[in-house]
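As provided, target.cif (mmCIF, C-alpha atoms and all ligand atoms) reads as follows.
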data_final
#
loop_
_atom_site.label_atom_id
_atom_site.label_comp_id
_atom_site.auth_asym_id
_atom_site.auth_seq_id
_atom_site.Cartn_x
_atom_site.Cartn_y
_atom_site.Cartn_z
CA MET A 1 -22.77 -17.32 41.98
CA PRO A 2 -23.39 -13.80 40.53
CA SER A 3 -20.61 -12.37 38.41
CA LEU A 4 -18.24 -9.71 39.65
CA ILE A 5 -18.38 -6.73 37.27
CA PHE A 6 -15.74 -4.01 37.06
CA ARG A 7 -16.98 -0.94 35.22
CA LYS A 8 -14.60 1.75 36.47
CA GLY A 9 -11.21 0.17 36.06
CA LEU A 10 -9.25 -1.88 38.56
CA ASP A 11 -7.31 0.82 40.45
CA LEU A 12 -4.13 0.05 38.51
CA LYS A 13 -4.05 3.00 36.13
CA ASP A 14 -0.67 4.25 37.31
CA ALA A 15 0.77 0.75 37.32
CA VAL A 16 0.10 0.23 33.60
CA ALA A 17 0.74 3.79 32.37
CA GLY A 18 4.38 3.01 31.48
CA MET A 19 3.44 -0.12 29.50
CA LEU A 20 0.78 1.76 27.56
CA ALA A 21 3.18 4.58 26.72
CA GLU A 22 5.79 2.07 25.61
CA SER A 23 3.28 0.27 23.37
CA TYR A 24 1.43 3.17 21.79
CA HIS A 25 3.16 6.53 22.36
CA SER A 26 5.06 8.42 19.65
CA ASP A 27 7.54 11.23 20.29
CA ILE A 28 7.37 12.42 16.70
CA ILE A 29 3.61 12.87 16.98
CA ASP A 30 4.09 15.01 20.10
CA ARG A 31 6.56 17.17 18.19
CA ILE A 32 4.23 17.53 15.20
CA LYS A 33 1.32 18.52 17.42
CA SER A 34 3.40 21.27 18.99
CA ALA A 35 4.45 22.48 15.50
CA ASP A 36 0.93 23.38 14.36
CA PHE A 37 0.28 19.78 13.27
CA THR A 38 2.80 20.16 10.45
CA TYR A 39 6.02 18.26 9.70
CA ARG A 40 8.44 19.46 7.02
CA THR A 41 11.43 17.46 5.90
CA GLY A 42 13.05 17.91 2.51
CA ARG A 43 10.41 17.91 -0.19
CA LEU A 44 7.82 16.28 2.10
CA THR A 45 5.30 18.20 4.17
CA VAL A 46 2.93 16.21 6.34
CA HIS A 47 -0.28 17.89 7.49
CA LEU A 48 -1.85 16.09 10.41
CA ALA A 49 -5.54 16.43 11.23
CA ARG A 50 -6.09 18.23 14.52
CA GLU A 51 -8.15 15.36 15.91
CA PHE A 52 -7.10 11.83 15.07
CA GLY A 53 -6.28 8.49 16.65
CA PHE A 54 -7.36 6.96 19.96
CA CYS A 55 -10.68 8.32 21.21
CA TYR A 56 -11.63 8.48 24.88
CA GLY A 57 -13.55 5.20 24.65
CA VAL A 58 -10.70 3.27 23.08
CA ASP A 59 -8.15 4.82 25.43
CA ARG A 60 -10.20 3.60 28.36
CA ALA A 61 -10.86 0.12 26.94
CA VAL A 62 -7.19 -0.53 26.23
CA ASP A 63 -6.19 0.86 29.63
CA TYR A 64 -8.69 -1.48 31.36
CA ALA A 65 -7.40 -4.45 29.38
CA TYR A 66 -3.85 -3.80 30.58
CA GLN A 67 -5.10 -3.28 34.14
CA THR A 68 -6.98 -6.58 33.92
CA ARG A 69 -3.88 -8.49 32.88
CA LYS A 70 -1.98 -6.98 35.80
CA ARG A 71 -4.74 -7.59 38.32
CA PHE A 72 -5.27 -11.24 37.35
CA PRO A 73 -1.81 -12.51 36.39
CA ASN A 74 -2.66 -16.14 37.15
CA ARG A 75 -6.12 -16.37 35.66
CA THR A 76 -7.16 -16.84 32.07
CA VAL A 77 -8.29 -13.53 30.64
CA TYR A 78 -10.57 -13.49 27.61
CA LEU A 79 -11.86 -10.86 25.24
CA THR A 80 -15.22 -11.60 23.61
CA GLY A 81 -13.68 -10.49 20.31
CA GLU A 82 -11.50 -7.66 19.10
CA ILE A 83 -11.37 -5.04 21.85
CA ILE A 84 -11.23 -2.39 19.15
CA HIS A 85 -10.80 -2.70 15.41
CA ASN A 86 -7.06 -2.33 15.16
CA PRO A 87 -4.89 -5.34 14.29
CA HIS A 88 -1.78 -3.96 16.02
CA VAL A 89 -3.56 -3.38 19.34
CA ASN A 90 -5.26 -6.79 19.23
CA GLN A 91 -1.91 -8.42 18.52
CA GLN A 92 -0.35 -6.67 21.51
CA LEU A 93 -3.12 -8.04 23.74
CA ARG A 94 -2.62 -11.55 22.36
CA ALA A 95 1.08 -11.22 23.11
CA MET A 96 0.14 -10.46 26.73
CA GLY A 97 -1.66 -13.81 26.90
CA ILE A 98 -5.19 -12.45 26.56
CA GLN A 99 -7.28 -14.94 24.60
CA PHE A 100 -10.02 -14.11 22.10
CA LEU A 101 -13.28 -16.06 22.37
CA SER A 102 -13.92 -15.12 18.74
CA ASP A 103 -10.93 -17.33 17.77
CA GLY A 104 -13.21 -20.27 18.58
CA GLN A 105 -10.81 -22.25 20.78
CA ARG A 106 -13.18 -22.02 23.70
CA GLY A 107 -16.94 -21.48 23.68
CA ILE A 108 -18.75 -19.09 25.97
CA ASP A 109 -20.77 -22.01 27.34
CA SER A 110 -17.69 -23.47 28.96
CA LEU A 111 -16.66 -20.35 30.90
CA GLY A 112 -17.08 -20.20 34.65
CA PRO A 113 -16.28 -18.23 37.81
CA GLU A 114 -12.55 -18.77 37.43
CA ASP A 115 -12.54 -16.95 34.06
CA VAL A 116 -12.07 -13.23 33.51
CA VAL A 117 -13.81 -11.72 30.47
CA ILE A 118 -13.24 -8.24 29.03
CA LEU A 119 -16.21 -6.72 27.21
CA PRO A 120 -15.17 -4.42 24.33
CA ALA A 121 -15.71 -0.66 23.93
CA PHE A 122 -18.61 -1.23 21.51
CA GLY A 123 -20.40 -3.48 24.01
CA VAL A 124 -21.94 -6.95 23.75
CA THR A 125 -25.49 -8.15 23.20
CA VAL A 126 -27.97 -8.39 26.07
CA ALA A 127 -27.99 -12.18 25.65
CA MET A 128 -24.21 -12.53 25.85
CA LEU A 129 -23.96 -10.33 28.94
CA ALA A 130 -26.75 -12.29 30.63
CA GLN A 131 -25.03 -15.59 29.86
CA LEU A 132 -21.63 -14.48 31.15
CA ASP A 133 -23.34 -13.12 34.25
CA ARG A 134 -25.24 -16.39 34.82
CA GLN A 135 -22.04 -18.36 34.54
CA GLY A 136 -20.42 -16.23 37.24
CA CYS A 137 -17.48 -14.94 35.18
CA THR A 138 -15.53 -11.94 36.39
CA LEU A 139 -16.41 -9.22 33.89
CA ILE A 140 -14.46 -6.12 32.95
CA ASP A 141 -16.97 -3.96 31.12
CA THR A 142 -15.29 -1.35 28.91
CA THR A 143 -18.46 -0.39 27.02
CA CYS A 144 -18.01 3.25 26.03
CA GLY A 145 -20.27 5.86 27.62
CA SER A 146 -21.26 7.08 24.16
CA VAL A 147 -22.50 3.59 23.27
CA LEU A 148 -24.41 3.43 26.55
CA ASN A 149 -26.06 6.70 25.53
CA VAL A 150 -27.33 5.11 22.30
CA TRP A 151 -28.67 2.17 24.29
CA LYS A 152 -30.51 4.54 26.61
CA ASN A 153 -32.32 6.09 23.63
CA VAL A 154 -33.13 2.73 22.08
CA ARG A 155 -34.54 1.46 25.37
CA ARG A 156 -36.68 4.57 25.63
CA TYR A 157 -38.00 3.96 22.11
CA ALA A 158 -38.82 0.37 23.03
CA GLU A 159 -40.60 1.37 26.19
CA SER A 160 -42.69 3.95 24.33
CA GLY A 161 -43.67 1.46 21.59
CA CYS A 162 -41.47 2.99 18.87
CA THR A 163 -39.40 0.85 16.52
CA SER A 164 -35.71 1.75 16.60
CA VAL A 165 -34.42 2.53 13.13
CA ILE A 166 -30.66 2.22 13.52
CA HIS A 167 -28.33 3.75 10.95
CA GLY A 168 -25.49 1.26 11.19
CA LYS A 169 -23.79 -1.83 9.86
CA VAL A 170 -25.80 -4.89 10.73
CA TRP A 171 -22.62 -6.99 10.86
CA HIS A 172 -20.89 -4.65 13.32
CA GLU A 173 -20.75 -5.71 16.97
CA GLU A 174 -21.91 -2.31 18.21
CA THR A 175 -25.03 -2.30 16.04
CA GLN A 176 -25.82 -5.90 17.04
CA ALA A 177 -25.49 -4.92 20.71
CA THR A 178 -27.65 -1.83 20.20
CA ALA A 179 -30.33 -3.80 18.33
CA SER A 180 -30.38 -6.36 21.15
CA GLN A 181 -31.22 -3.57 23.59
CA ALA A 182 -34.40 -2.85 21.63
CA VAL A 183 -35.50 -6.49 21.76
CA GLY A 184 -34.38 -6.86 25.37
CA TYR A 185 -36.78 -4.08 26.34
CA GLY A 186 -39.71 -5.48 24.39
CA GLY A 187 -39.21 -3.37 21.29
CA ARG A 188 -38.36 -3.84 17.63
CA TYR A 189 -35.62 -2.65 15.34
CA LEU A 190 -34.68 -2.13 11.72
CA VAL A 191 -31.08 -1.45 10.67
CA VAL A 192 -30.42 0.67 7.59
CA PHE A 193 -26.91 0.86 6.20
CA ASN A 194 -27.09 3.85 3.90
CA THR A 195 -29.33 6.33 2.13
CA GLY A 196 -30.15 3.74 -0.54
CA GLU A 197 -31.65 1.38 2.03
CA ALA A 198 -33.31 4.32 3.79
CA ALA A 199 -34.97 5.29 0.50
CA ASP A 200 -36.59 1.84 0.30
CA VAL A 201 -37.85 2.16 3.86
CA CYS A 202 -39.18 5.66 3.10
CA ALA A 203 -41.03 4.37 0.03
CA TYR A 204 -42.74 1.75 2.19
CA VAL A 205 -43.56 4.24 4.91
CA SER A 206 -45.12 6.79 2.58
CA ARG A 207 -46.85 4.50 0.05
CA GLY A 208 -46.97 1.05 1.61
CA GLY A 209 -45.90 -2.03 -0.33
CA ASP A 210 -45.46 -5.77 -0.29
CA PRO A 211 -44.45 -6.83 3.25
CA ALA A 212 -42.86 -10.07 2.00
CA ALA A 213 -40.65 -8.17 -0.45
CA PHE A 214 -39.71 -5.71 2.30
CA LEU A 215 -38.75 -8.53 4.66
CA ALA A 216 -36.75 -10.24 1.93
CA ARG A 217 -34.86 -6.98 1.37
CA PHE A 218 -34.11 -6.48 5.08
CA SER A 219 -34.11 -10.13 6.14
CA ASN A 220 -31.06 -9.97 8.40
CA ALA A 221 -31.66 -6.41 9.58
CA VAL A 222 -34.95 -6.60 11.48
CA SER A 223 -36.08 -7.93 14.84
CA PRO A 224 -37.80 -11.34 14.97
CA GLY A 225 -41.44 -11.17 13.85
CA PHE A 226 -41.02 -7.76 12.26
CA ASP A 227 -44.14 -6.58 10.43
CA PRO A 228 -43.45 -3.47 8.31
CA ASP A 229 -47.14 -2.51 8.24
CA ARG A 230 -47.30 -2.50 12.03
CA ASP A 231 -43.73 -1.67 13.00
CA LEU A 232 -43.07 1.35 10.80
CA GLN A 233 -46.01 3.34 12.15
CA ARG A 234 -44.00 4.82 15.01
CA ILE A 235 -40.23 5.06 14.77
CA GLY A 236 -37.24 6.45 16.65
CA LEU A 237 -33.83 6.99 15.06
CA ALA A 238 -30.45 6.03 16.45
CA ASN A 239 -26.98 5.64 14.93
CA GLN A 240 -24.04 3.37 15.31
CA THR A 241 -21.71 5.89 16.95
CA THR A 242 -19.14 5.82 14.16
CA MET A 243 -21.26 6.44 11.08
CA LEU A 244 -20.86 9.39 8.73
CA MET A 245 -22.67 12.26 10.41
CA SER A 246 -23.85 13.83 7.13
CA GLU A 247 -25.40 10.50 6.06
CA SER A 248 -27.14 9.98 9.41
CA LEU A 249 -28.66 13.46 9.18
CA GLU A 250 -29.80 12.80 5.63
CA ILE A 251 -31.46 9.53 6.65
CA GLU A 252 -33.20 11.34 9.49
CA ARG A 253 -34.46 13.97 7.06
CA MET A 254 -35.68 11.37 4.56
CA LEU A 255 -37.60 9.40 7.17
CA LYS A 256 -39.12 12.52 8.62
CA VAL A 257 -40.41 13.52 5.17
CA ALA A 258 -41.81 10.01 4.61
CA MET A 259 -43.61 9.98 7.96
CA THR A 260 -45.03 13.44 7.23
CA GLU A 261 -46.27 12.31 3.81
CA ARG A 262 -47.98 9.29 5.34
CA TYR A 263 -49.40 10.69 8.57
CA GLY A 264 -49.29 14.48 8.25
CA GLU A 265 -47.18 17.00 10.11
CA GLY A 266 -49.47 17.08 13.14
CA ALA A 267 -48.82 13.41 13.88
CA LEU A 268 -45.02 13.65 13.80
CA GLY A 269 -44.66 14.37 17.52
CA ASP A 270 -46.20 11.01 18.35
CA ARG A 271 -44.77 8.98 15.49
CA PHE A 272 -41.22 10.20 14.94
CA GLN A 273 -38.31 10.67 17.32
CA ALA A 274 -34.67 11.31 16.55
CA PHE A 275 -31.56 11.79 18.63
CA ASP A 276 -28.14 12.27 17.18
CA THR A 277 -26.09 9.45 18.67
CA ILE A 278 -22.90 9.88 16.63
CA CYS A 279 -20.26 10.16 19.36
CA SER A 280 -18.35 13.39 19.82
CA ALA A 281 -15.00 11.71 19.13
CA THR A 282 -16.21 10.48 15.73
CA GLN A 283 -17.67 13.87 14.96
CA ASP A 284 -14.46 15.68 15.98
CA ARG A 285 -12.37 13.44 13.71
CA GLN A 286 -14.72 13.96 10.77
CA ASP A 287 -14.78 17.73 11.32
CA ALA A 288 -10.97 17.86 11.63
CA VAL A 289 -10.40 16.08 8.34
CA VAL A 290 -12.89 18.35 6.57
CA ALA A 291 -10.97 21.35 7.95
CA LEU A 292 -7.63 19.83 6.91
CA LEU A 293 -8.79 19.34 3.33
CA ARG A 294 -10.22 22.85 3.25
CA ASP A 295 -7.34 24.73 4.87
CA ARG A 296 -4.17 22.90 3.82
CA PRO A 297 -2.64 22.32 0.38
CA VAL A 298 -3.04 18.55 0.50
CA ASP A 299 -2.00 16.56 -2.62
CA LEU A 300 -3.00 13.17 -1.29
CA MET A 301 -4.45 11.70 1.92
CA ILE A 302 -3.35 8.74 3.95
CA VAL A 303 -5.89 7.38 6.43
CA ILE A 304 -4.60 4.82 8.93
CA GLY A 305 -6.80 2.27 10.69
CA GLY A 306 -8.12 -1.28 10.65
CA TYR A 307 -10.08 -2.17 7.53
CA ASN A 308 -13.00 -3.25 9.74
CA SER A 309 -12.95 0.05 11.66
CA SER A 310 -16.15 1.87 10.81
CA ASN A 311 -14.98 5.34 11.78
CA THR A 312 -11.73 4.94 9.80
CA ALA A 313 -13.66 3.86 6.71
CA ASN A 314 -15.84 6.94 7.01
CA LEU A 315 -12.82 9.23 7.31
CA ALA A 316 -11.52 7.69 4.08
CA ARG A 317 -14.88 8.26 2.37
CA ILE A 318 -14.79 11.95 3.32
CA CYS A 319 -11.23 12.37 2.01
CA SER A 320 -11.81 10.46 -1.22
CA ALA A 321 -14.49 12.93 -2.28
CA SER A 322 -11.80 15.53 -3.00
CA ARG A 323 -8.32 13.91 -2.94
CA PRO A 324 -6.54 10.71 -3.92
CA THR A 325 -6.99 8.74 -0.68
CA PHE A 326 -5.16 5.67 0.59
CA HIS A 327 -6.66 3.84 3.57
CA ILE A 328 -3.88 1.66 5.00
CA ALA A 329 -4.29 -0.80 7.89
CA GLU A 330 -0.68 -0.57 9.09
CA PRO A 331 2.42 1.49 8.22
CA ASP A 332 3.73 -1.37 6.06
CA GLY A 333 0.82 -0.66 3.71
CA LEU A 334 3.30 1.89 2.41
CA VAL A 335 5.19 -0.85 0.60
CA SER A 336 7.65 1.43 -1.19
CA ALA A 337 7.88 4.83 -2.83
CA ALA A 338 6.40 3.15 -5.89
CA GLU A 339 3.68 0.98 -4.32
CA ILE A 340 1.00 1.29 -1.66
CA ARG A 341 -1.32 -1.46 -0.37
CA HIS A 342 -4.64 0.00 0.71
CA ARG A 343 -8.38 -0.41 0.81
CA LEU A 344 -10.44 1.47 -1.74
CA PRO A 345 -12.79 3.85 0.10
CA GLY A 346 -16.39 2.65 0.08
CA THR A 347 -15.40 -0.94 -0.80
CA LYS A 348 -14.08 -4.01 0.99
CA SER A 349 -11.28 -4.51 -1.54
CA GLU A 350 -7.61 -4.26 -0.72
CA VAL A 351 -5.59 -3.24 -3.76
CA THR A 352 -2.01 -2.30 -4.54
CA THR A 353 -1.53 0.97 -6.37
CA SER A 354 1.62 2.04 -8.22
CA ALA A 355 3.00 5.53 -8.67
CA TRP A 356 1.04 6.80 -5.69
CA LEU A 357 3.72 9.21 -4.50
CA PRO A 358 4.96 11.97 -6.84
CA ALA A 359 8.52 10.98 -7.78
CA ALA A 360 9.94 14.49 -7.55
CA GLY A 361 9.11 17.96 -6.36
CA PRO A 362 7.34 19.13 -3.22
CA VAL A 363 4.65 16.82 -1.93
CA ASN A 364 1.99 17.66 0.66
CA VAL A 365 0.55 14.61 2.38
CA GLY A 366 -2.49 14.86 4.64
CA LEU A 367 -2.70 12.32 7.43
CA THR A 368 -5.38 11.14 9.78
CA SER A 369 -6.18 7.97 11.66
CA GLY A 370 -9.22 6.25 13.06
CA ALA A 371 -10.29 6.23 16.70
CA SER A 372 -8.70 2.82 17.26
CA THR A 373 -5.27 3.65 15.82
CA PRO A 374 -2.46 4.34 18.30
CA ASP A 375 -0.05 7.23 17.77
CA ASN A 376 2.98 4.98 17.30
CA LEU A 377 1.49 3.65 14.04
CA VAL A 378 0.95 7.19 12.78
CA GLY A 379 4.54 8.03 13.73
CA ALA A 380 5.84 4.92 11.94
CA THR A 381 3.87 5.88 8.83
CA ILE A 382 5.46 9.32 8.80
CA ALA A 383 8.92 7.77 9.20
CA ARG A 384 8.30 5.57 6.12
CA LEU A 385 7.04 8.52 4.12
CA GLU A 386 10.12 10.49 5.04
CA ALA A 387 12.41 7.64 4.00
CA PHE A 388 10.61 7.22 0.66
CA CYS A 389 10.97 10.91 -0.12
CA LEU A 390 14.71 10.65 0.40
CA GLU A 391 15.18 7.61 -1.82
CA GLU A 392 17.23 7.83 -4.98
CA GLY A 393 15.01 8.62 -7.91
CA PHE A 394 12.69 10.39 -5.50
CA ALA A 395 15.19 13.15 -4.83
CA ASN A 396 14.57 16.34 -3.01
CA SER A 397 14.10 18.95 -5.69
CA LEU A 398 13.33 21.91 -3.47
S1 LIG B 1 -15.61 5.82 18.66
FE1 LIG B 1 -16.95 6.96 20.07
S2 LIG B 1 -18.38 5.42 20.85
FE2 LIG B 1 -16.68 4.30 19.93
S3 LIG B 1 -15.29 3.95 21.65
FE3 LIG B 1 -14.65 5.85 20.66
S4 LIG B 1 -15.66 7.48 21.83
FE4 LIG B 1 -16.70 5.55 22.30
#

When written as structure tokens, how does the structure in this file appear?
Amino acid sequence: MPSLIFRKGLDLKDAVAGMLAESYHSDIIDRIKSADFTYRTGRLTVHLAREFGFCYGVDRAVDYAYQTRKRFPNRTVYLTGEIIHNPHVNQQLRAMGIQFLSDGQRGIDSLGPEDVVILPAFGVTVAMLAQLDRQGCTLIDTTCGSVLNVWKNVRRYAESGCTSVIHGKVWHEETQATASQAVGYGGRYLVVFNTGEAADVCAYVSRGGDPAAFLARFSNAVSPGFDPDRDLQRIGLANQTTMLMSESLEIERMLKVAMTERYGEGALGDRFQAFDTICSATQDRQDAVVALLRDRPVDLMIVIGGYNSSNTANLARICSASRPTFHIAEPDGLVSAAEIRHRLPGTKSEVTTSAWLPAAGPVNVGLTSGASTPDNLVGATIARLEAFCLEEGFANSL
């Protein structure tokens, strides 16, 4: 039996609107937005980025998940994995009885027509979708339109015989799904994580090298049977939608130079294609934080979002270039006025830092959050900050 696929919601938007507001809305955030994104209380001033938090793709995915629960109250509803990279939101869905296949209690092989499966905003691989379809599951596809746009470009590269060079994280579900599109359409891919990896690819493109050493370097980041001598002759660039825009542009520039060195400028039209596939929501959040750091007197930055959220990590990287920056996963990362538990930008390490908040005098805190962070967590973070600034020993000295 073919699967039933819902791609445009389940006609229950109004029915779940109240639950969504209750779970994720914040009155204080509404007030701050209407006060020029600024909140002053005692010695504390919070400057909020003008674009932050839930993006259109996440908004839609979470909405569809709630609609799914309502539409199928008596059926088992699964997510293939985290719907988005935010622990609070995933916990809320678990509390609603939605099960995660990634928890390993049930394998995909055992699913059938009676099961309902939600596909996340960053999509799933071609193979997984085909399997779920074959097994006749009811599918709720929340894949974001911006991700579908990347896939369209990658498919076009595959069909025109170009290898997709994807600037992304090879361990991230979105990049795995995007890479699978290349293979699914008869093409090849290579994933590069950063400018360092891109430099190695560029060296091979412009001067050649040892294919075995190249494959050892990129062993888990290339399509099966990848041959660098054959597969780097014609390339097309794509990005994971949440990468750092400036880095994606730099990688594009580097590869273009390498292809020109190897084949000459006249051959570029046939051998090199590039489309910016950073999504507009990611770009808007990166631009907003750059503007915040430029225009406001920010002493320190707090960036809120799951540690495995790519776009949040990139916001933290931008901030850390010019300010002390604390990337917290949840409001309780603000342990006390004396201690903060956070992830160091550009690393995978969670650390606890002391004396992070000036103990007296005016303090200007900049705040932003990743595209998978709901407003209520930002509001709760501000409430903790406010309480810390009122604590004894951290007195208002204005
Ligand atoms: S970050 Fe961009 S691509 Fe990802 S869900 Fe949000 S809008 Fe879509």

Please provide the set of residues having any atom within 12 Å of range 383-391 of chain A, restricted to only C-alpha atoms, with same-chain residues fewer than 4 positions apart removed, written as a ChimeraX atom specification. /A:26-29,39-46,302,330-340,356-367,376-379,395-398

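Take CA of Val170 in chain A and CA of Ile304 in chain A: the distance between them is 23.4 Å.
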
Please write out, as lines of an AutoDock Vina configuration file, where the centre of an axis-aligned box around all listed atoms of ligand LIG 1 (chain B) lies and how long its edges are, in Å to one decimal, after adding 4 Å on each side.
center_x = -16.5
center_y = 5.7
center_z = 20.5
size_x = 11.7
size_y = 11.5
size_z = 11.6

Close residues, Glu174 in chain A itself excluded, 8 Å, all atoms listed in the file, min 4 positions apart in chain, as a tab-separated table (two decimals) with C-alpha atoms, in the frame of the given file:
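Result file part_5.tsv:
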chain	number	residue	atom	x	y	z
A	122	PHE	CA	-18.61	-1.23	21.51
A	123	GLY	CA	-20.40	-3.48	24.01
A	124	VAL	CA	-21.94	-6.95	23.75
A	147	VAL	CA	-22.50	3.59	23.27
A	178	THR	CA	-27.65	-1.83	20.20
A	240	GLN	CA	-24.04	3.37	15.31

Test item: residues at most 9 Å from Tyr78 in chain A, only C-alpha atoms, excluding those fewer than 2 positions along its chain, as a PDB file with C-alpha atoms, keeping the file's coordinate frame:
ATOM      1  CA  THR A  76      -7.160 -16.840  32.070  1.00  0.00           C
ATOM      2  CA  THR A  80     -15.220 -11.600  23.610  1.00  0.00           C
ATOM      3  CA  GLY A  81     -13.680 -10.490  20.310  1.00  0.00           C
ATOM      4  CA  GLY A  97      -1.660 -13.810  26.900  1.00  0.00           C
ATOM      5  CA  ILE A  98      -5.190 -12.450  26.560  1.00  0.00           C
ATOM      6  CA  GLN A  99      -7.280 -14.940  24.600  1.00  0.00           C
ATOM      7  CA  PHE A 100     -10.020 -14.110  22.100  1.00  0.00           C
ATOM      8  CA  LEU A 101     -13.280 -16.060  22.370  1.00  0.00           C
ATOM      9  CA  ASP A 115     -12.540 -16.950  34.060  1.00  0.00           C
ATOM     10  CA  VAL A 116     -12.070 -13.230  33.510  1.00  0.00           C
ATOM     11  CA  VAL A 117     -13.810 -11.720  30.470  1.00  0.00           C
ATOM     12  CA  ILE A 118     -13.240  -8.240  29.030  1.00  0.00           C
ATOM     13  CA  LEU A 119     -16.210  -6.720  27.210  1.00  0.00           C
TER      14      LEU A 119
END

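In terms of minimum interatomic distance to Ala371 in chain A, A:Thr282 ranks closest within A:Thr282, A:Asn153, A:Gln131, A:Thr143, counting only C-alpha atoms.
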
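Each residue with an atom within 7 Å of any atom of ligand LIG 1 (chain B) appears in the list, which was built counting all atoms listed in the file: Cys55, Tyr56, Gly57, Val58, Ala121, Phe122, Cys144, Gly145, Ser146, Val147, Thr241, Thr242, Cys279, Ser280, Ala281, Thr282, Asn311 and Ala371 of chain A.
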
Output for the residues just chosen: C-alpha atoms as a JSON list (two decimals), in the coordinates of the input:
[["chain", "number", "residue", "atom", "x", "y", "z"],
["A", 55, "CYS", "CA", -10.68, 8.32, 21.21],
["A", 56, "TYR", "CA", -11.63, 8.48, 24.88],
["A", 57, "GLY", "CA", -13.55, 5.20, 24.65],
["A", 58, "VAL", "CA", -10.70, 3.27, 23.08],
["A", 121, "ALA", "CA", -15.71, -0.66, 23.93],
["A", 122, "PHE", "CA", -18.61, -1.23, 21.51],
["A", 144, "CYS", "CA", -18.01, 3.25, 26.03],
["A", 145, "GLY", "CA", -20.27, 5.86, 27.62],
["A", 146, "SER", "CA", -21.26, 7.08, 24.16],
["A", 147, "VAL", "CA", -22.50, 3.59, 23.27],
["A", 241, "THR", "CA", -21.71, 5.89, 16.95],
["A", 242, "THR", "CA", -19.14, 5.82, 14.16],
["A", 279, "CYS", "CA", -20.26, 10.16, 19.36],
["A", 280, "SER", "CA", -18.35, 13.39, 19.82],
["A", 281, "ALA", "CA", -15.00, 11.71, 19.13],
["A", 282, "THR", "CA", -16.21, 10.48, 15.73],
["A", 311, "ASN", "CA", -14.98, 5.34, 11.78],
["A", 371, "ALA", "CA", -10.29, 6.23, 16.70]]

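Atom to atom, CA of Asn86 in chain A and CA of Ala15 in chain A stand 23.7 Å apart.
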
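With distances restricted to all atoms listed in the file, A:Met96 is the closest residue to Pro73 in chain A from A:Leu255, A:Pro211, A:Phe37, A:Met96.
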
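Atom pair CA of Leu215 in chain A / CA of Glu261 in chain A: separated by 22.2 Å.
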
Among A:Gly196, A:Ala95, A:Leu232, A:Pro113, Gly161 in chain A is approached most closely, using only C-alpha atoms, by A:Leu232

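Contact shell of range 134-141 of chain A at 9 Å (only C-alpha atoms; same-chain neighbours under 6 positions omitted): A:Met1, A:Pro2, A:Ser3, A:Leu4, A:Ile5, A:Phe6, A:Arg7, A:Lys8, A:Gly9, A:Leu10, A:Ala61, A:Tyr64, A:Ala65, A:Thr68, A:Asp109, A:Ser110, A:Leu111, A:Gly112, A:Pro113, A:Glu114, A:Asp115, A:Val116, A:Val117, A:Ile118, A:Leu119, A:Pro120, A:Ala121, A:Gly123.
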
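Using only C-alpha atoms for every distance, the candidate list A:Gln92, A:Ser23, A:Ser322, A:Thr312 yields A:Thr312 as the residue closest to Gly53 in chain A.
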
Which is closer to His167 in chain A than all the others in A:Pro87, A:Pro345, A:Pro324, A:Gly236, using all atoms listed in the file? A:Gly236

Residue nearest Thr277 in chain A - candidates A:Ser354, A:Gln181, A:Gln67, A:Asn239, atoms counted: all atoms listed in the file: A:Asn239

Around (-40.3, -12.1, 15.1) in the file's own coordinates, what residues are found within 12 Å if you use all atoms listed in the file, given back as a PyMOL selection string? chain A and resi 183+186-190+215+219-228+231

Since the input lacks atoms, please generate N, CA and C atoms for range 345-353 of chain A and provide them as a PDB file, keeping the file's coordinate frame.
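Result saved to result-v6.pdb:
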ATOM      1  N   PRO A 345     -11.688   3.294  -0.702  1.00  0.00           N
ATOM      2  CA  PRO A 345     -12.790   3.850   0.100  1.00  0.00           C
ATOM      3  C   PRO A 345     -14.140   3.407  -0.438  1.00  0.00           C
ATOM      4  N   GLY A 346     -15.039   3.047   0.476  1.00  0.00           N
ATOM      5  CA  GLY A 346     -16.390   2.650   0.080  1.00  0.00           C
ATOM      6  C   GLY A 346     -16.482   1.225  -0.418  1.00  0.00           C
ATOM      7  N   THR A 347     -15.378   0.466  -0.362  1.00  0.00           N
ATOM      8  CA  THR A 347     -15.400  -0.940  -0.800  1.00  0.00           C
ATOM      9  C   THR A 347     -14.751  -1.801   0.285  1.00  0.00           C
ATOM     10  N   LYS A 348     -14.772  -3.109   0.068  1.00  0.00           N
ATOM     11  CA  LYS A 348     -14.080  -4.010   0.990  1.00  0.00           C
ATOM     12  C   LYS A 348     -12.811  -4.566   0.340  1.00  0.00           C
ATOM     13  N   SER A 349     -12.402  -3.953  -0.779  1.00  0.00           N
ATOM     14  CA  SER A 349     -11.280  -4.510  -1.540  1.00  0.00           C
ATOM     15  C   SER A 349      -9.956  -3.882  -1.167  1.00  0.00           C
ATOM     16  N   GLU A 350      -8.982  -4.754  -0.889  1.00  0.00           N
ATOM     17  CA  GLU A 350      -7.610  -4.260  -0.720  1.00  0.00           C
ATOM     18  C   GLU A 350      -6.927  -4.345  -2.083  1.00  0.00           C
ATOM     19  N   VAL A 351      -6.265  -3.283  -2.462  1.00  0.00           N
ATOM     20  CA  VAL A 351      -5.590  -3.240  -3.760  1.00  0.00           C
ATOM     21  C   VAL A 351      -4.170  -2.697  -3.548  1.00  0.00           C
ATOM     22  N   THR A 352      -3.336  -2.911  -4.550  1.00  0.00           N
ATOM     23  CA  THR A 352      -2.010  -2.300  -4.540  1.00  0.00           C
ATOM     24  C   THR A 352      -1.949  -1.300  -5.688  1.00  0.00           C
ATOM     25  N   THR A 353      -1.570  -0.092  -5.359  1.00  0.00           N
ATOM     26  CA  THR A 353      -1.530   0.970  -6.370  1.00  0.00           C
ATOM     27  C   THR A 353      -0.081   1.391  -6.602  1.00  0.00           C
TER      28      THR A 353
END
